[in-house]
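K.L.:
The following block contains the structure, expressed as structure tokens.
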Amino acid sequence: MDFFLIYLVIMKSRSIQLNIVILLTGVFFFACQSKNNPSTSNGDIPASAPAPVTDDYYQDITGYSGIDFVHSIGDDHLTNIVESSAGGASFLDYNQDGYIDLYICTGTWIEHLSDGEKPDKLPENHLFRNRQDGTFEDVTRRAGVGGPWYTMGVTVGDYNNDGYPDLYVCNYGSNVLLKNDGNGTFSDVTRRAGVGGGNEFSVGAVWIDYDNDGLLDLYVGNYLNFDPEYIYYYAPDGFPGPMAYDAQKDVLYHNNGDGTFEDVTESMGIIDIDGRAMGVGAADYDEDGYVDIYVANDHTLNYLFHNDGGKGFTDRGTMTGTAFSQAGEATVSMSVDFADFNNDGLLDMFVSDDTYCSLYKNEGNGVYSDRGYASGLSTVCAQFVGWSSSFVDYDNDGDVDIFKTNGELKHLYGHEDQLLENLGNEKFTDVSLERGEYFSKEYVGRGTCIGDYDNDGDMDALVVNLNDSCRLLRNNKGNQNNWLILRLIGTSSNRDGIGARIKISAGGREQIAQKKTTTGYLSCNDPRIHFGLAGSEMIEKIEIKWPSGKVQVLENIPANQILDVKEP
């Protein structure tokens, strides 16, 4: 009988304790927090003073963070649907030091699209390195990831399984694949990989391993054929909306394993006749071992492409009840996220839109019911235009809440963002104004990424605002309850473990989660998987079903740690 040593590094309240060595039978996994790096990789950059802690649950600490970023529409005024649709952001650990970094997207000046004179310096996307002291350093130029491109959003995944996350940047125009070189720089490998597309208007995209061959494939959601010459005669109508233009077809790329991809859209049965993709997400909603794809379309019915054993896809949006809203309408859908909001062991969905939004409860047997009204969400969402929305257990009480980013569609008018708390019994309430001064401010929100940037066990947020500065929100109180964060490392499966299903048992309760990439609008959350544990100080059992089909079981795991788990 084999025994393996497991090293656990316990993280709680920003302090590190070395736990005892534990022996487990027949399970190989290890845990670590980081690689004993100093607070900066080059000592010539002093750390900024830490932000003072207020009594707010979520505190805006942008001014202390070192994140100097202002999103640009590339124009003097908001004059078209391209400018209105950007931009996203992603948490990622690009240098693998154990702390998540930030990639933030922006628009830029483009001839025939933008009004006004071309600026001397074009706006660029930015990469910020986490200094591990609560602040960030701009490393865009050094990394070579700025552009300029007119970027909508970004999705992050290790497509070549070398241990370093790569970036796929969705643009108005050709898209870009940036390979992480592992030395702090990235290389543009778009042409060789064959994933640039043409002159499409790509909005959302997601990395998935649809055939479980251990290699990440790529689904790209395309929006519409924009005509910059077409305008409304009557100016108060604003600029033309999405239905004024023809739709563009989405694309599915298969990873060939040699650095190239193949367009398999038609051969895999992806039929997209009239969809105008905004948000794209992927999860195995029916637990058949193959990841499915959900496309949130603008003004047209949404798609739920069921994965038929890795050999093709069938749209089951209408038959599952997820193509339309509870009113039977094709809504202005923006983003989708998956989680088990009622802890019944089944993955549910939240789809944000410009009015009531949809909370799709998984009833089992491939059927969903929209619980937007019944849950109380539609009532509090209706007065806002919802863009990015993510499930997140912000208070670590063991059930997922929703962070929702809002902003006007055709004007630079601000809306307040929302924090929607899970009350249990399939009910939610808006607690925004009780959780921080930030939620009383109005911004034109778009993409949002959520993650634990300071490794203290609770989930923070970075919000991208249209033509405005972004906002970094620190969670000050979530770690008053216990927590667990898992970082999956695939071996037979894709390196990121995307598609893995995790079930934990703690304090007499069970929770499930699935490893995903793109979450919310144009953005990617923390690549690690977070669980709130309320008062439980021990996880009795963790069960991981990897995409390869392997099942891994860990037992008696102490709470309040960031745990690396390697596929056996």
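Ligands are numbered from 1 in the order shown, residues from 1 within each chain, and chains are lettered A, B, ... in the order they appear in the structure tokens.
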Show me a table, sorted first by chain and then by increasing residue number, of the residues of stretch 282-303 of chain A having an atom at most 9 Å from stretch 241-257 of chain A, each with its shortest atom pair and the distance in Å to one decimal, counting only C-alpha atoms and written as a Markdown table.
P.N.:
```
| residue | atom | partner | partner_atom | distance |
| --- | --- | --- | --- | --- |
| A:Asp298 | CA | A:Pro242 | CA | 7.1 |
| A:His299 | CA | A:Met243 | CA | 7.3 |
| A:Thr300 | CA | A:Met243 | CA | 8.9 |
```
K.L.:
Counting only C-alpha atoms, what is within 12 Å of A:Leu301, bar same-chain residues fewer than 4 positions away, as a ChimeraX atom specification?
P.N.:
/A:272-278,294-297,315-318,321-325,328-333
K.L.:
Take the residues from that selection and write them out as a short mmCIF file (atom, residue, chain, number, x, y, z; two decimals), in the first residue's frame, keeping C-alpha atoms.
P.N.:
```
data_model
loop_
_atom_site.label_atom_id
_atom_site.label_comp_id
_atom_site.auth_asym_id
_atom_site.auth_seq_id
_atom_site.Cartn_x
_atom_site.Cartn_y
_atom_site.Cartn_z
CA ASP A 272 -25.69 29.69 -35.49
CA ILE A 273 -28.06 31.28 -38.00
CA ASP A 274 -29.18 34.43 -36.20
CA GLY A 275 -27.35 34.60 -32.88
CA ARG A 276 -25.57 37.78 -31.82
CA ALA A 277 -23.25 36.47 -29.13
CA MET A 278 -22.41 38.59 -26.12
CA TYR A 294 -24.11 28.33 -23.39
CA VAL A 295 -24.28 31.42 -25.60
CA ALA A 296 -26.05 34.54 -24.32
CA ASN A 297 -27.30 36.28 -27.47
CA ASP A 315 -28.77 23.07 -29.47
CA ARG A 316 -31.10 22.28 -26.57
CA GLY A 317 -31.81 25.86 -25.53
CA THR A 318 -35.52 25.73 -26.26
CA GLY A 321 -36.12 26.16 -21.11
CA THR A 322 -32.99 28.32 -21.26
CA ALA A 323 -33.39 29.95 -24.69
CA PHE A 324 -35.99 32.48 -23.50
CA SER A 325 -36.82 34.40 -20.36
CA GLY A 328 -41.09 33.79 -23.19
CA GLU A 329 -38.96 36.55 -24.67
CA ALA A 330 -35.58 36.62 -26.36
CA THR A 331 -33.87 39.17 -24.12
CA VAL A 332 -30.87 41.47 -24.38
CA SER A 333 -28.73 38.78 -22.78
#
```
K.L.:
Excluding same-chain residues fewer than 5 positions from A:Asn180, what lies within 12 Å of it counting only C-alpha atoms, as a list in words?
P.N.:
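Counting only the stated atoms, we get Leu92, Asp93, Tyr94, Asn95, Gln96, Ala143, Gly144, Val145, Val156, Gly157, Asp158, Tyr159, Asn160, Asn161, Asp162, Gly163, Tyr164, Pro165, Asp166, Leu167, Tyr168, Thr185, Phe186, Ser187, Asp188 and Val189 of chain A.
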K.L.:
Among stretch 127-282 of chain A, which ones does DSSP place in alpha helix (DSSP H), written as a ChimeraX atom specification?
P.N.:
/A:140-143,190-193
K.L.:
Now that the selection is made, can you save its residues with all heavy atoms as a PDB file, in the first residue's frame?
P.N.:
```pdb
ATOM      1  N   THR A 140       2.908  45.868 -18.672  1.00  0.00           N
ATOM      2  CA  THR A 140       2.400  45.704 -20.027  1.00  0.00           C
ATOM      3  C   THR A 140       3.502  45.723 -21.073  1.00  0.00           C
ATOM      4  O   THR A 140       3.591  44.832 -21.930  1.00  0.00           O
ATOM      5  CB  THR A 140       1.385  46.820 -20.343  1.00  0.00           C
ATOM      6  OG1 THR A 140       0.386  46.870 -19.328  1.00  0.00           O
ATOM      7  CG2 THR A 140       0.733  46.580 -21.694  1.00  0.00           C
ATOM      8  N   ARG A 141       4.344  46.735 -21.015  1.00  0.00           N
ATOM      9  CA  ARG A 141       5.383  46.881 -22.030  1.00  0.00           C
ATOM     10  C   ARG A 141       6.367  45.724 -21.970  1.00  0.00           C
ATOM     11  O   ARG A 141       6.775  45.164 -22.992  1.00  0.00           O
ATOM     12  CB  ARG A 141       6.106  48.217 -21.837  1.00  0.00           C
ATOM     13  CG  ARG A 141       7.130  48.515 -22.917  1.00  0.00           C
ATOM     14  CD  ARG A 141       7.735  49.904 -22.714  1.00  0.00           C
ATOM     15  NE  ARG A 141       6.717  50.936 -22.827  1.00  0.00           N
ATOM     16  CZ  ARG A 141       6.348  51.479 -23.983  1.00  0.00           C
ATOM     17  NH1 ARG A 141       6.909  51.067 -25.109  1.00  0.00           N
ATOM     18  NH2 ARG A 141       5.430  52.428 -24.006  1.00  0.00           N
ATOM     19  N   ARG A 142       6.769  45.361 -20.756  1.00  0.00           N
ATOM     20  CA  ARG A 142       7.709  44.257 -20.593  1.00  0.00           C
ATOM     21  C   ARG A 142       7.124  42.947 -21.118  1.00  0.00           C
ATOM     22  O   ARG A 142       7.812  42.146 -21.755  1.00  0.00           O
ATOM     23  CB  ARG A 142       8.058  44.113 -19.103  1.00  0.00           C
ATOM     24  CG  ARG A 142       9.102  43.061 -18.797  1.00  0.00           C
ATOM     25  CD  ARG A 142       9.213  42.842 -17.285  1.00  0.00           C
ATOM     26  NE  ARG A 142       9.195  44.125 -16.559  1.00  0.00           N
ATOM     27  CZ  ARG A 142       8.984  44.215 -15.255  1.00  0.00           C
ATOM     28  NH1 ARG A 142       8.725  43.132 -14.543  1.00  0.00           N
ATOM     29  NH2 ARG A 142       8.987  45.394 -14.673  1.00  0.00           N
ATOM     30  N   ALA A 143       5.814  42.723 -20.875  1.00  0.00           N
ATOM     31  CA  ALA A 143       5.176  41.469 -21.270  1.00  0.00           C
ATOM     32  C   ALA A 143       4.803  41.444 -22.748  1.00  0.00           C
ATOM     33  O   ALA A 143       4.651  40.369 -23.335  1.00  0.00           O
ATOM     34  CB  ALA A 143       3.928  41.225 -20.419  1.00  0.00           C
ATOM     35  N   THR A 190      -0.858  34.048 -33.173  1.00  0.00           N
ATOM     36  CA  THR A 190      -2.174  33.970 -33.800  1.00  0.00           C
ATOM     37  C   THR A 190      -2.118  33.342 -35.184  1.00  0.00           C
ATOM     38  O   THR A 190      -2.911  32.442 -35.502  1.00  0.00           O
ATOM     39  CB  THR A 190      -2.789  35.381 -33.908  1.00  0.00           C
ATOM     40  OG1 THR A 190      -2.677  36.057 -32.663  1.00  0.00           O
ATOM     41  CG2 THR A 190      -4.245  35.296 -34.328  1.00  0.00           C
ATOM     42  N   ARG A 191      -1.199  33.817 -36.003  1.00  0.00           N
ATOM     43  CA  ARG A 191      -1.150  33.350 -37.388  1.00  0.00           C
ATOM     44  C   ARG A 191      -0.840  31.858 -37.446  1.00  0.00           C
ATOM     45  O   ARG A 191      -1.497  31.112 -38.177  1.00  0.00           O
ATOM     46  CB  ARG A 191      -0.111  34.144 -38.174  1.00  0.00           C
ATOM     47  CG  ARG A 191       0.007  33.700 -39.629  1.00  0.00           C
ATOM     48  CD  ARG A 191       0.874  34.652 -40.436  1.00  0.00           C
ATOM     49  NE  ARG A 191       0.257  35.973 -40.530  1.00  0.00           N
ATOM     50  CZ  ARG A 191       0.786  36.978 -41.223  1.00  0.00           C
ATOM     51  NH1 ARG A 191       1.942  36.816 -41.870  1.00  0.00           N
ATOM     52  NH2 ARG A 191       0.162  38.147 -41.277  1.00  0.00           N
ATOM     53  N   ARG A 192       0.159  31.406 -36.701  1.00  0.00           N
ATOM     54  CA  ARG A 192       0.499  29.985 -36.730  1.00  0.00           C
ATOM     55  C   ARG A 192      -0.637  29.137 -36.177  1.00  0.00           C
ATOM     56  O   ARG A 192      -0.951  28.066 -36.705  1.00  0.00           O
ATOM     57  CB  ARG A 192       1.770  29.713 -35.931  1.00  0.00           C
ATOM     58  CG  ARG A 192       2.155  28.223 -35.932  1.00  0.00           C
ATOM     59  CD  ARG A 192       3.467  27.950 -35.217  1.00  0.00           C
ATOM     60  NE  ARG A 192       3.847  26.558 -35.403  1.00  0.00           N
ATOM     61  CZ  ARG A 192       3.428  25.561 -34.638  1.00  0.00           C
ATOM     62  NH1 ARG A 192       2.607  25.812 -33.627  1.00  0.00           N
ATOM     63  NH2 ARG A 192       3.810  24.316 -34.871  1.00  0.00           N
ATOM     64  N   ALA A 193      -1.279  29.617 -35.105  1.00  0.00           N
ATOM     65  CA  ALA A 193      -2.352  28.843 -34.477  1.00  0.00           C
ATOM     66  C   ALA A 193      -3.598  28.797 -35.343  1.00  0.00           C
ATOM     67  O   ALA A 193      -4.386  27.842 -35.256  1.00  0.00           O
ATOM     68  CB  ALA A 193      -2.683  29.429 -33.111  1.00  0.00           C
TER      69      ALA A 193
END
```
K.L.:
Which residues of stretch 482-514 of chain A have any atom within 9 Å of an atom in stretch 208-213 of chain A when counting only C-alpha atoms, and what is the closest pair of atoms for each, with the distance in Å to one decimal? Order the rows by chain and rising number and write it as a Markdown table.
P.N.:
```
| residue | atom | partner | partner_atom | distance |
| --- | --- | --- | --- | --- |
| A:Ser492 | CA | A:Asp213 | CA | 8.3 |
| A:Ser493 | CA | A:Asn212 | CA | 7.1 |
| A:Asn494 | CA | A:Asp209 | CA | 7.3 |
| A:Ile498 | CA | A:Ile208 | CA | 6.7 |
| A:Gly499 | CA | A:Ile208 | CA | 7.4 |
```
K.L.:
Which residues of stretch 50-130 of chain A come within 12 Å of stretch 222-229 of chain A, and what is each one's closest atom pair and distance in Å (one decimal), counting only C-alpha atoms, sorted by chain and residue number, as a tab-separated table?
P.N.:
```
residue	atom	partner	partner_atom	distance
A:Thr79	CA	A:Pro228	CA	9.7
A:Asn80	CA	A:Pro228	CA	7.8
A:Ile81	CA	A:Phe226	CA	8.1
A:Val82	CA	A:Phe226	CA	7.8
A:Glu83	CA	A:Phe226	CA	11.3
A:Ser85	CA	A:Tyr223	CA	9.9
A:Ile110	CA	A:Pro228	CA	11.2
A:Glu111	CA	A:Pro228	CA	10.3
A:His112	CA	A:Pro228	CA	6.8
A:Leu113	CA	A:Pro228	CA	6.1
A:Ser114	CA	A:Pro228	CA	9.3
A:Asp115	CA	A:Pro228	CA	10.9
```
K.L.:
For a quick check of understanding, using only C-alpha atoms, which of A:Cys170, A:Met319, A:Leu304, A:Ile402 has the smallest distance to A:Asp337?
P.N.:
A:Ile402
K.L.:
Would you mind telling me which residue in A:Asn342, A:Asn307, A:Gln561, A:Asn467 lies nearest to A:His77 when using only C-alpha atoms?
P.N.:
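Among the listed residues, A:Asn467 lies closest to A:His77.
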K.L.:
Quote the spacing between atom CA of A:Ser369 and atom CA of A:Ala282 in Å to one decimal place.
P.N.:
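Taking atom CA of A:Ser369 as the start and atom CA of A:Ala282 as the end point, the length is 18.9 Å.
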K.L.:
With only C-alpha atoms as the counted atoms, please give the residues lying no more than 8 Å from A:Ala382, apart from itself and same-chain residues fewer than 5 positions off, as an MDAnalysis selection string.
P.N.:
chainID A and resid 354:357
K.L.:
Quick one: residues within 10 Å of A:Thr62, only C-alpha atoms counted, chain neighbours fewer than 6 positions away excluded, as a short mmCIF file (atom, residue, chain, number, x, y, z; two decimals) with N, CA and C atoms, in the first residue's frame?
P.N.:
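And here's around.cif as it stands now:
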```
data_model
loop_
_atom_site.label_atom_id
_atom_site.label_comp_id
_atom_site.auth_asym_id
_atom_site.auth_seq_id
_atom_site.Cartn_x
_atom_site.Cartn_y
_atom_site.Cartn_z
N ALA A 51 -3.94 50.09 1.72
CA ALA A 51 -5.17 50.85 1.91
C ALA A 51 -5.68 50.64 3.33
N ASP A 68 -3.40 51.85 -12.45
CA ASP A 68 -3.68 53.12 -13.12
C ASP A 68 -4.19 52.78 -14.52
N PHE A 69 -5.50 52.65 -14.63
CA PHE A 69 -6.09 52.22 -15.90
C PHE A 69 -7.41 52.96 -16.11
N THR A 135 -0.71 45.59 -3.69
CA THR A 135 -0.59 46.53 -4.80
C THR A 135 -0.16 45.81 -6.07
N LEU A 462 -12.75 43.26 -9.47
CA LEU A 462 -12.25 44.33 -10.32
C LEU A 462 -13.32 44.63 -11.36
N SER A 469 -12.33 55.06 -15.34
CA SER A 469 -11.38 54.26 -14.58
C SER A 469 -12.04 52.99 -14.06
N CYS A 470 -11.23 51.93 -13.91
CA CYS A 470 -11.75 50.70 -13.31
C CYS A 470 -11.74 50.87 -11.79
N ARG A 471 -12.39 49.94 -11.09
CA ARG A 471 -12.44 50.01 -9.63
C ARG A 471 -12.06 48.65 -9.04
N LEU A 472 -11.11 48.65 -8.12
CA LEU A 472 -10.72 47.43 -7.40
C LEU A 472 -11.38 47.45 -6.03
N LEU A 473 -12.18 46.44 -5.76
CA LEU A 473 -12.93 46.34 -4.51
C LEU A 473 -12.35 45.23 -3.65
N ARG A 474 -11.88 45.61 -2.47
CA ARG A 474 -11.34 44.62 -1.54
C ARG A 474 -12.43 44.16 -0.58
#
```
K.L.:
Go through stretch 83-193 of chain A and collect every residue that DSSP, computed from the backbone, puts in strand (DSSP E or B); the answer should be as JSON, numbers by chain.
P.N.:
{"A": [89, 90, 91, 92, 101, 102, 103, 104, 126, 127, 128, 129, 130, 136, 137, 138, 151, 152, 153, 154, 155, 156, 157, 166, 167, 168, 169, 170, 171, 172, 176, 177, 178, 179, 180, 186, 187, 188]}
K.L.:
Write to file, as a compact mmCIF listing (two decimals), in the first residue's frame, the residues of the selection just made, with C-alpha atoms.
P.N.:
```txt
# COMPACT_ATOMS: atom_id res chain seq x y z
CA ALA A 89 -10.83 41.87 -17.53
CA SER A 90 -9.29 38.73 -16.12
CA PHE A 91 -7.58 37.54 -12.98
CA LEU A 92 -4.74 35.16 -13.85
CA ASP A 101 -2.48 39.24 -11.56
CA LEU A 102 -4.77 41.38 -13.76
CA TYR A 103 -5.28 41.80 -17.50
CA ILE A 104 -7.65 44.65 -18.43
CA HIS A 126 -2.79 46.47 -19.62
CA LEU A 127 -1.21 43.66 -17.60
CA PHE A 128 -0.69 44.34 -13.89
CA ARG A 129 1.56 42.10 -11.81
CA ASN A 130 0.51 41.39 -8.24
CA PHE A 136 0.04 45.97 -8.51
CA GLU A 137 2.77 46.92 -10.99
CA ASP A 138 2.11 47.71 -14.66
CA THR A 151 -10.57 44.76 -27.50
CA MET A 152 -13.89 43.53 -26.15
CA GLY A 153 -12.73 40.88 -23.71
CA VAL A 154 -10.27 38.14 -22.87
CA THR A 155 -10.36 34.46 -21.97
CA VAL A 156 -7.47 32.69 -20.22
CA GLY A 157 -6.32 29.09 -20.56
CA ASP A 166 -2.18 32.03 -22.24
CA LEU A 167 -4.45 34.88 -23.39
CA TYR A 168 -7.03 34.89 -26.17
CA VAL A 169 -8.03 38.49 -26.85
CA CYS A 170 -11.40 39.13 -28.55
CA ASN A 171 -11.40 42.20 -30.77
CA TYR A 172 -13.38 44.23 -33.22
CA VAL A 176 -5.10 37.58 -30.96
CA LEU A 177 -3.64 34.51 -29.23
CA LEU A 178 -0.82 35.45 -26.85
CA LYS A 179 1.31 32.50 -25.75
CA ASN A 180 2.83 32.82 -22.31
CA PHE A 186 4.11 36.70 -24.25
CA SER A 187 4.39 35.89 -27.97
CA ASP A 188 1.75 36.58 -30.60
```
